[in-house]
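Engineer: Take a look at upload.txt, compact mmCIF, C-alpha atoms:
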# COMPACT_ATOMS: atom_id res chain seq x y z
CA MET A 1 75.11 111.12 -74.01
CA SER A 2 76.66 111.67 -70.59
CA ARG A 3 80.27 112.42 -69.83
CA THR A 4 80.46 109.26 -67.70
CA SER A 5 79.63 107.13 -70.74
CA PHE A 6 82.50 108.79 -72.60
CA VAL A 7 84.92 107.93 -69.81
CA VAL A 8 83.86 104.28 -69.93
CA ALA A 9 84.24 104.25 -73.70
CA ALA A 10 87.64 105.89 -73.41
CA LEU A 11 88.88 103.28 -70.94
CA ALA A 12 87.79 100.51 -73.29
CA LEU A 13 89.51 102.17 -76.22
CA VAL A 14 92.70 102.75 -74.28
CA ALA A 15 92.73 99.11 -73.17
CA GLY A 16 92.40 98.05 -76.81
CA ILE A 17 95.23 100.30 -77.90
CA ALA A 18 97.46 99.11 -75.06
CA SER A 19 97.01 95.53 -76.22
CA VAL A 20 98.67 96.32 -79.56
CA THR A 21 102.14 96.33 -78.09
CA ALA A 22 103.67 96.04 -74.66
CA THR A 23 106.65 98.23 -75.49
CA GLY A 24 105.05 101.28 -77.07
CA ARG A 25 104.43 102.09 -80.70
CA SER A 26 104.05 99.73 -83.58
CA SER A 27 104.83 100.90 -87.10
CA GLU A 28 101.29 102.27 -87.29
CA LEU A 29 98.63 101.83 -84.63
CA GLN A 30 95.30 100.91 -86.15
CA GLN A 31 93.38 103.75 -84.48
CA ALA A 32 90.07 104.02 -86.36
CA ILE A 33 91.78 103.22 -89.68
CA ARG A 34 90.36 100.60 -92.01
CA GLN A 35 92.35 99.13 -94.88
CA LYS A 36 91.37 96.26 -97.10
CA THR A 37 92.55 94.45 -100.23
CA PHE A 38 90.32 93.78 -103.22
CA HIS A 39 90.55 90.05 -102.54
CA GLN A 40 89.54 90.48 -98.90
CA ALA A 41 86.44 92.39 -99.97
CA GLN A 42 85.81 89.73 -102.61
CA ALA A 43 85.96 86.94 -100.02
CA GLU A 44 83.58 88.83 -97.72
CA CYS A 45 81.08 89.45 -100.51
CA ALA A 46 81.26 85.84 -101.70
CA LEU A 47 80.35 84.80 -98.15
CA TYR A 48 77.50 87.32 -97.91
CA GLN A 49 76.02 86.26 -101.25
CA GLY A 50 76.58 82.52 -100.86
CA VAL A 51 78.95 82.14 -103.82
CA ALA A 52 80.44 78.65 -103.90
CA ASP A 53 84.24 78.40 -103.63
CA ASP A 54 84.54 76.55 -106.94
CA ASP A 55 82.46 79.18 -108.70
CA LEU A 56 84.50 82.01 -107.17
CA GLN A 57 87.76 80.44 -108.35
CA ARG A 58 86.32 80.07 -111.84
CA TYR A 59 85.17 83.70 -111.91
CA VAL A 60 88.65 84.92 -110.97
CA LYS A 61 90.49 82.63 -113.39
CA THR A 62 88.25 83.59 -116.32
CA GLY A 63 88.43 87.35 -115.74
CA TYR A 64 85.02 87.84 -114.11
CA PRO A 65 82.67 86.64 -116.87
CA ASP A 66 79.44 88.46 -117.65
CA GLU A 67 77.11 86.40 -115.46
CA GLU A 68 74.47 87.64 -113.05
CA GLU A 69 76.17 86.27 -109.94
CA VAL A 70 79.49 87.84 -110.99
CA ARG A 71 77.90 91.20 -111.70
CA CYS A 72 76.26 91.33 -108.28
CA LEU A 73 79.42 90.06 -106.57
CA LEU A 74 81.29 93.03 -108.06
CA ARG A 75 78.52 95.39 -106.97
CA CYS A 76 78.98 94.17 -103.40
CA ILE A 77 82.78 94.60 -103.64
CA ALA A 78 82.36 98.13 -104.98
CA PHE A 79 80.21 99.16 -102.02
CA ASN A 80 82.46 97.25 -99.61
CA LEU A 81 85.53 99.18 -100.77
CA ARG A 82 83.49 102.36 -101.31
CA PHE A 83 84.53 103.04 -104.86
CA TRP A 84 80.82 103.21 -105.70
CA ASN A 85 78.04 104.95 -103.82
CA GLU A 86 74.31 105.48 -104.27
CA THR A 87 74.66 109.24 -104.70
CA SER A 88 77.28 109.72 -107.40
CA GLY A 89 78.08 106.22 -108.63
CA LEU A 90 81.67 105.37 -109.61
CA GLN A 91 84.46 107.04 -107.62
CA LYS A 92 87.31 106.97 -110.14
CA HIS A 93 89.99 108.16 -107.73
CA LEU A 94 89.17 105.28 -105.36
CA ILE A 95 88.80 102.36 -107.78
CA ALA A 96 92.12 103.31 -109.40
CA ASP A 97 93.90 102.57 -106.11
CA TYR A 98 93.04 98.88 -106.49
CA PHE A 99 94.88 98.54 -109.81
CA VAL A 100 98.62 98.68 -110.57
CA PRO A 101 99.47 99.98 -114.07
CA TYR A 102 101.80 97.77 -116.10
CA PRO A 103 105.38 99.03 -116.59
CA ASN A 104 105.82 101.42 -119.51
CA ASP A 105 102.06 101.61 -120.06
CA PHE A 106 101.56 105.36 -120.31
CA HIS A 107 98.12 105.31 -121.92
CA ASN A 108 96.18 103.17 -119.44
CA VAL A 109 94.15 106.10 -118.15
CA GLU A 110 93.19 107.20 -121.67
CA ARG A 111 92.08 103.67 -122.62
CA THR A 112 90.11 103.30 -119.41
CA GLU A 113 88.32 106.61 -119.95
CA ALA A 114 87.54 105.68 -123.55
CA CYS A 115 86.12 102.35 -122.37
CA LEU A 116 83.93 104.08 -119.78
CA ALA A 117 82.64 106.47 -122.45
CA GLU A 118 81.88 103.61 -124.85
CA ASN A 119 80.17 101.47 -122.21
CA LEU A 120 77.89 103.98 -120.60
CA TYR A 121 75.18 102.19 -118.68
CA THR A 122 71.62 102.82 -119.70
CA CYS A 123 68.40 103.30 -117.79
CA ASP A 124 67.66 99.63 -118.44
CA ASP A 125 70.82 98.48 -116.65
CA ASP A 126 70.40 97.41 -113.05
CA LEU A 127 72.99 98.44 -110.45
CA CYS A 128 74.92 95.18 -110.74
CA THR A 129 75.30 95.73 -114.49
CA GLN A 130 76.36 99.36 -114.04
CA VAL A 131 79.14 98.39 -111.62
CA TYR A 132 80.19 95.45 -113.79
CA LYS A 133 80.66 97.61 -116.90
CA ALA A 134 82.77 100.15 -115.01
CA PHE A 135 84.87 97.48 -113.28
CA GLN A 136 85.63 95.70 -116.55
CA CYS A 137 87.00 98.93 -118.04
CA TYR A 138 89.55 99.15 -115.22
CA TYR A 139 90.22 95.40 -115.21
CA GLN A 140 90.85 95.30 -118.97
CA HIS A 141 92.67 98.61 -119.44
CA TYR A 142 93.99 100.21 -116.24
CA GLY A 143 96.32 97.53 -114.84
CA ALA A 144 96.54 94.43 -112.67
CA LEU A 145 94.58 94.08 -109.44
CA SER A 146 96.71 95.14 -106.50
CA GLU A 147 97.34 92.71 -103.65
CA CYS A 148 98.01 95.52 -101.17
CA PRO A 149 95.40 96.88 -98.75
CA GLN A 150 94.04 100.33 -99.48
CA PHE A 151 92.59 103.01 -97.21
CA ILE A 152 88.82 102.83 -96.78
CA ILE A 153 87.21 106.25 -96.65
CA LYS A 154 84.72 107.14 -93.92
CA TYR A 155 81.20 108.47 -94.19
CA TYR A 156 79.70 111.24 -92.09
CA ASN A 157 78.26 109.08 -89.31
CA GLU A 158 81.58 107.30 -88.97
CA ASP A 159 83.39 110.63 -88.69
CA LEU A 160 80.97 111.60 -85.91
CA GLN A 161 81.80 108.39 -84.05
CA VAL A 162 85.53 109.10 -84.31
CA ALA A 163 84.85 112.54 -82.83
CA TYR A 164 82.84 111.01 -79.96
CA ASP A 165 85.67 108.57 -79.28
CA THR A 166 88.19 111.41 -79.34
CA TYR A 167 86.24 113.41 -76.74
CA GLY A 168 86.15 110.36 -74.50
CA LEU A 169 89.81 109.49 -74.93
CA LEU A 170 90.92 113.03 -74.14
CA TYR A 171 88.32 113.55 -71.39
CA THR A 172 87.38 116.78 -73.17
CA SER A 173 86.10 119.50 -70.85
CA GLN A 174 82.63 121.02 -71.05
CA SER A 175 84.08 124.42 -71.90
CA ALA A 176 86.05 122.98 -74.81
CA LEU A 177 82.96 121.17 -76.08
CA ARG A 178 80.97 124.41 -75.91
CA ASN A 179 83.67 126.18 -77.90
CA LEU A 180 83.70 123.44 -80.52
CA ALA A 181 79.90 123.34 -80.72
CA GLY A 182 79.68 127.11 -81.10
CA GLY A 183 82.30 127.30 -83.82
CA CYS A 184 84.84 129.04 -81.55
CA PHE A 185 87.83 127.27 -83.04
CA PRO A 186 90.69 127.33 -82.46
CA LYS A 187 89.98 128.61 -78.97
CA ASP A 188 92.78 127.12 -76.87
CA GLU A 189 95.30 124.29 -76.65
CA GLU A 190 92.61 121.78 -75.65
CA SER A 191 90.61 122.37 -78.82
CA LEU A 192 93.76 122.09 -80.92
CA CYS A 193 94.50 118.74 -79.28
CA VAL A 194 91.01 117.53 -80.16
CA PHE A 195 91.70 118.42 -83.79
CA ARG A 196 95.08 116.65 -83.76
CA SER A 197 93.77 113.48 -82.07
CA PHE A 198 90.72 113.33 -84.33
CA ASN A 199 92.93 113.32 -87.41
CA ILE A 200 95.35 110.81 -85.90
CA ARG A 201 92.44 108.44 -85.21
CA GLU A 202 91.15 108.99 -88.75
CA GLY A 203 94.57 107.94 -90.07
CA LEU A 204 95.08 111.30 -91.76
CA TYR A 205 97.88 112.69 -89.61
CA ASP A 206 101.03 111.47 -87.89
CA ASP A 207 103.33 113.56 -85.69
CA HIS A 208 106.40 112.16 -87.47
CA LYS A 209 105.13 111.69 -91.03
CA SER A 210 102.91 114.80 -91.16
CA TRP A 211 99.71 114.79 -93.24
CA ALA A 212 98.93 111.63 -95.23
CA LEU A 213 98.21 113.19 -98.61
CA GLY A 214 97.13 109.96 -100.28
CA ARG A 215 94.50 109.30 -97.63
CA LEU A 216 93.38 112.92 -97.52
CA TYR A 217 92.93 112.85 -101.29
CA ALA A 218 90.95 109.62 -101.10
CA GLN A 219 88.77 110.96 -98.30
CA TYR A 220 88.09 114.48 -99.58
CA TYR A 221 89.02 114.36 -103.29
CA GLU A 222 90.38 117.90 -103.49
CA ASP A 223 93.37 118.80 -105.67
CA VAL A 224 95.18 120.45 -102.76
CA PHE A 225 95.55 116.98 -101.19
CA HIS A 226 96.91 115.27 -104.28
CA PRO A 227 100.20 113.54 -103.37
CA ASN A 228 101.90 115.14 -106.39
CA ASN A 229 100.70 118.69 -105.74
CA ALA A 230 103.99 120.64 -105.75
CA LEU A 231 102.56 123.64 -103.89
CA THR A 232 101.22 121.43 -101.12
CA ILE A 233 104.49 119.51 -100.78
CA ALA A 234 106.43 122.78 -100.52
CA CYS A 235 103.96 124.20 -98.01
CA LEU A 236 104.21 121.16 -95.74
CA ALA A 237 108.02 121.24 -95.96
CA ASN A 238 108.03 124.89 -94.91
CA GLN A 239 105.63 124.20 -92.07
CA GLN A 240 107.91 121.44 -90.81
CA LYS A 241 110.63 124.05 -90.31
CA LEU A 242 108.36 125.74 -87.75
CA ALA A 243 107.53 122.60 -85.79
CA CYS A 244 110.21 123.13 -83.14
CA LYS A 245 108.50 126.35 -82.03
CA ARG A 246 105.09 124.74 -81.55
CA THR A 247 103.44 122.12 -79.41
CA LYS A 248 102.35 118.95 -81.21
CA CYS A 249 98.74 120.11 -81.15
CA GLN A 250 99.60 123.57 -82.44
CA HIS A 251 101.69 122.17 -85.26
CA ALA A 252 98.99 119.74 -86.39
CA TYR A 253 96.39 122.50 -86.74
CA GLU A 254 98.66 125.31 -87.93
CA SER A 255 100.17 123.16 -90.69
CA PHE A 256 96.71 122.04 -91.81
CA LYS A 257 95.39 125.60 -91.78
CA ALA A 258 98.42 126.98 -93.64
CA CYS A 259 98.36 124.38 -96.39
CA PHE A 260 94.68 123.37 -96.53
CA GLY A 261 92.83 126.25 -94.88
CA ALA A 262 90.86 127.09 -98.02
CA SER A 263 89.76 123.49 -98.56
CA ALA A 264 86.24 122.20 -98.04
CA ALA A 265 87.78 119.58 -95.75
CA HIS A 266 88.81 122.26 -93.24
CA GLU A 267 85.25 123.60 -93.07
CA TYR A 268 83.85 120.06 -92.89
CA GLN A 269 86.03 118.94 -90.00
CA VAL A 270 85.72 122.09 -87.86
CA LYS A 271 82.27 123.43 -88.63
CA VAL A 272 80.44 120.18 -89.29
CA VAL A 273 81.97 117.08 -87.69
CA LEU A 274 83.54 118.55 -84.55
CA ALA A 275 80.78 121.11 -84.06
CA GLU A 276 77.86 118.73 -84.56
CA SER A 277 79.37 115.94 -82.47
CA ALA A 278 80.06 118.39 -79.62
CA LYS A 279 76.46 119.58 -79.76
CA HIS A 280 75.25 116.01 -79.36
CA VAL A 281 77.39 115.52 -76.28
CA LEU A 282 76.41 118.71 -74.48
CA ASP A 283 73.29 118.86 -72.33
CA GLN A 284 72.93 122.64 -72.28
CA PRO A 285 72.10 125.41 -74.78
CA ILE A 286 74.58 126.28 -77.49
CA CYS A 287 75.40 129.77 -78.68
CA HIS A 288 77.52 130.68 -81.66
CA CYS A 289 80.64 132.82 -81.80
CA ASN A 290 81.27 135.50 -84.35
CA LYS A 291 84.17 137.85 -84.95
CA ALA A 292 82.36 140.85 -83.52
CA GLN A 293 81.26 139.44 -80.20
CA LEU A 294 81.55 136.45 -77.91
CA CYS A 295 78.37 135.18 -76.30
CA PRO A 296 78.34 134.71 -72.49
CA LEU A 297 78.98 130.96 -72.62
CA HIS A 298 82.31 131.53 -74.35
CA LYS A 299 83.70 134.44 -72.35
Once more with this new file: its structure as structure tokens, please.

Structural biologist:
Amino acid sequence: MSRTSFVVAALALVAGIASVTATGRSSELQQAIRQKTFHQAQAECALYQGVADDDLQRYVKTGYPDEEEVRCLLRCIAFNLRFWNETSGLQKHLIADYFVPYPNDFHNVERTEACLAENLYTCDDDLCTQVYKAFQCYYQHYGALSECPQFIIKYYNEDLQVAYDTYGLLYTSQSALRNLAGGCFPKDEESLCVFRSFNIREGLYDDHKSWALGRLYAQYYEDVFHPNNALTIACLANQQKLACKRTKCQHAYESFKACFGASAAHEYQVKVVLAESAKHVLDQPICHCNKAQLCPLHK
């Protein structure tokens, strides 16, 4: 992939962003963020699977009855919203976002877990039935379906594309790409700005609101990102006190490293996504940095 193609892509992306508002910022630019409601995913899946409107209305009004078309509709919705995947099945932390617990119901999680344990799917159940059983546990016990859009997590190839877009938007230099590809990070201000812009485009960071813990938790499912993690909240508050002494790019990375440096997400972003995407862009050999010595390309 040539640098010229990145420039063309960047111009197209910038034009799209500029069309959002003529005066500057909206409340939140869309970037590469995807959000969707349960009912939006339901409408899409009904279209894909040819479900008649009258039938769909009946399914919703009667609480999603145990019929083959309903079961497979819910399977489609689960994959659409990514609270189910082929590798590990049900993603409890993601499906829960689509339900609002009823007021003063303090045992909804316990009842839902008990239902899941009692309705374990068997080897004879097809995928539609597996998803249906899990969904009904949340539908019957966890709360009411939310009408608000929720953050859609990204998969690896989508993260790579966001990185490619970021390199094009920033017109990232060859030297910075070599540093990223070789694991020499953070090397300089340019590499820090790549990190900041990548996370802004992913919808995980905002210069004014700091790190979006809810989205980080959905994306990476690590306790350090939980919105109610007291240590994380305190760490981010302390980091904010240092912001005035840093550039925007420095603050984005330093605050992430200070509060989340031991997370798998840090390793994934720097050593996997940014490194692998930079390798794909470069048209020359890559060498790897280590603490003892820098190879010639990185001196």

Engineer: Kindly give the distance, in Å, that separates CA of Phe83 (chain A) and CA of Gln57 (chain A), rounded to a single decimal.

Structural biologist: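 If I compute the distance from CA of Phe83 (chain A) to CA of Gln57 (chain A), I get 23.1 Å.
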
Engineer: Counting only C-alpha atoms, what is within 10 Å of Tyr138 (chain A), bar same-chain residues fewer than 4 positions away, as a ChimeraX atom specification?

Structural biologist: /A:92,95-96,98-99,108-109,111-113,115-116,133-134,142-145

Engineer: Can you work out the spacing between CA of Trp84 (chain A) and CA of Gln161 (chain A) in Å, to one decimal?

Structural biologist: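 CA of Gln161 (chain A) lies 22.3 Å from CA of Trp84 (chain A).
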
Engineer: Neighbours of Ile77 (chain A) within 6 Å (all atoms listed in the file; same-chain residues fewer than 2 positions away dropped), as a PyMOL selection string?

Structural biologist: chain A and resi 41-42+74-75+79-80

Engineer: Give me the residues of region 196-274 of chain A that have any atom at most 10 Å from an atom of region 166-189 of chain A; for each, the nearest atom pair and the distance in Å, rounded to one decimal. Use only C-alpha atoms, sort by chain and number, and format it as JSON lines.

Structural biologist:
{"residue": "A:Arg196", "atom": "CA", "partner": "A:Thr166", "partner_atom": "CA", "distance": 9.7}
{"residue": "A:Ser197", "atom": "CA", "partner": "A:Thr166", "partner_atom": "CA", "distance": 6.5}
{"residue": "A:Phe198", "atom": "CA", "partner": "A:Thr166", "partner_atom": "CA", "distance": 5.9}
{"residue": "A:Asn199", "atom": "CA", "partner": "A:Thr166", "partner_atom": "CA", "distance": 9.6}
{"residue": "A:Ile200", "atom": "CA", "partner": "A:Thr166", "partner_atom": "CA", "distance": 9.7}
{"residue": "A:Arg201", "atom": "CA", "partner": "A:Thr166", "partner_atom": "CA", "distance": 7.8}
{"residue": "A:Thr247", "atom": "CA", "partner": "A:Glu189", "partner_atom": "CA", "distance": 8.9}
{"residue": "A:Lys248", "atom": "CA", "partner": "A:Glu189", "partner_atom": "CA", "distance": 10.0}
{"residue": "A:Cys249", "atom": "CA", "partner": "A:Glu189", "partner_atom": "CA", "distance": 7.0}
{"residue": "A:Gln250", "atom": "CA", "partner": "A:Glu189", "partner_atom": "CA", "distance": 7.2}
{"residue": "A:Tyr253", "atom": "CA", "partner": "A:Pro186", "partner_atom": "CA", "distance": 8.6}
{"residue": "A:Glu254", "atom": "CA", "partner": "A:Pro186", "partner_atom": "CA", "distance": 9.9}
{"residue": "A:Val270", "atom": "CA", "partner": "A:Phe185", "partner_atom": "CA", "distance": 7.4}
{"residue": "A:Lys271", "atom": "CA", "partner": "A:Gly183", "partner_atom": "CA", "distance": 6.2}
{"residue": "A:Val272", "atom": "CA", "partner": "A:Ala181", "partner_atom": "CA", "distance": 9.1}
{"residue": "A:Val273", "atom": "CA", "partner": "A:Ala181", "partner_atom": "CA", "distance": 9.6}
{"residue": "A:Leu274", "atom": "CA", "partner": "A:Leu180", "partner_atom": "CA", "distance": 6.3}

Engineer: Take CA of Asp124 (chain A) and CA of Asp66 (chain A) and report the distance between them in Å, one decimal.

Structural biologist: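 That distance, rounded to one decimal, is 16.3 Å.
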
Engineer: Using only C-alpha atoms, which residue out of A:Asp55, A:Ser255, A:Gly214, A:Arg34 lies closest to Lys241 (chain A)?

Structural biologist: A:Ser255

Engineer: Counting all atoms listed in the file, which residue out of A:Asp97, A:Asp165, A:Asp105, A:Glu67 sits closest to Gln31 (chain A)?

Structural biologist: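 Distance minimum relative to Gln31 (chain A) lands on A:Asp165.
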
Engineer: Looking at all atoms listed in the file, which of A:Val162, A:Ala117, A:Leu282, A:Val131 is the one that sits closest to Leu73 (chain A)?

Structural biologist: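 Closest to Leu73 (chain A), using all atoms listed in the file: A:Val131.
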
Engineer: So, counting all atoms listed in the file, which residue among A:Ala252, A:Ala32, A:Ala212, A:Ile152 is closest to Tyr164 (chain A)?

Structural biologist: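 Of all the options, A:Ala32 lies closest to Tyr164 (chain A).
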
Engineer: Determine, counting only C-alpha atoms, which protein, DNA and RNA residues have an atom within 9 Å of an atom of region 259-267 of chain A; residues of the same chain fewer than 5 positions away are not included. Present the result as a list in words.

Structural biologist: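 My reading of the contact set: Leu216, Tyr220, Glu222, Val224, Phe225, Leu231, Thr232, Ile233, Cys235, Leu236, Gln239, Glu254 and Val272 of chain A.
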
Engineer: May I have the protein, DNA and RNA residues with any atom at most 10 Å from the point (75.7, 96.4, -111.1), counting all atoms listed in the file, written as a list in words?

Structural biologist: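 Using all atoms listed in the file, the matching residues come out as Glu68, Val70, Arg71, Cys72, Leu73, Leu74, Arg75, Cys76, Ala78, Tyr121, Asp125, Asp126, Leu127, Cys128, Thr129, Gln130, Val131, Tyr132, Lys133, Ala134 and Phe135 of chain A.
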
Engineer: Okay, now the selection with C-alpha atoms, as an mmCIF file, in the frame of the given file?

Structural biologist:
data_model
loop_
_atom_site.group_PDB
_atom_site.id
_atom_site.type_symbol
_atom_site.label_atom_id
_atom_site.label_comp_id
_atom_site.auth_asym_id
_atom_site.auth_seq_id
_atom_site.Cartn_x
_atom_site.Cartn_y
_atom_site.Cartn_z
ATOM 1 C CA GLU A 68 74.470 87.640 -113.050
ATOM 2 C CA VAL A 70 79.490 87.840 -110.990
ATOM 3 C CA ARG A 71 77.900 91.200 -111.700
ATOM 4 C CA CYS A 72 76.260 91.330 -108.280
ATOM 5 C CA LEU A 73 79.420 90.060 -106.570
ATOM 6 C CA LEU A 74 81.290 93.030 -108.060
ATOM 7 C CA ARG A 75 78.520 95.390 -106.970
ATOM 8 C CA CYS A 76 78.980 94.170 -103.400
ATOM 9 C CA ALA A 78 82.360 98.130 -104.980
ATOM 10 C CA TYR A 121 75.180 102.190 -118.680
ATOM 11 C CA ASP A 125 70.820 98.480 -116.650
ATOM 12 C CA ASP A 126 70.400 97.410 -113.050
ATOM 13 C CA LEU A 127 72.990 98.440 -110.450
ATOM 14 C CA CYS A 128 74.920 95.180 -110.740
ATOM 15 C CA THR A 129 75.300 95.730 -114.490
ATOM 16 C CA GLN A 130 76.360 99.360 -114.040
ATOM 17 C CA VAL A 131 79.140 98.390 -111.620
ATOM 18 C CA TYR A 132 80.190 95.450 -113.790
ATOM 19 C CA LYS A 133 80.660 97.610 -116.900
ATOM 20 C CA ALA A 134 82.770 100.150 -115.010
ATOM 21 C CA PHE A 135 84.870 97.480 -113.280
#

Engineer: Go through A:Val281, A:Gln40, A:Leu56, A:Tyr268 one by one, measure the shortest atom-to-atom distance of each to Tyr156 (chain A) using only C-alpha atoms, and give the residue with the smallest value.

Structural biologist: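 That would be A:Tyr268, the residue with the smallest distance to Tyr156 (chain A).
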
Engineer: Let me make sure I understand: among A:Leu94, A:Glu147, A:His280, A:Ser88, which one has the smallest atom-to-atom distance to Tyr217 (chain A) if we use all atoms listed in the file?

Structural biologist: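 Looking only at the distances to Tyr217 (chain A), the closest residue turns out to be A:Leu94.
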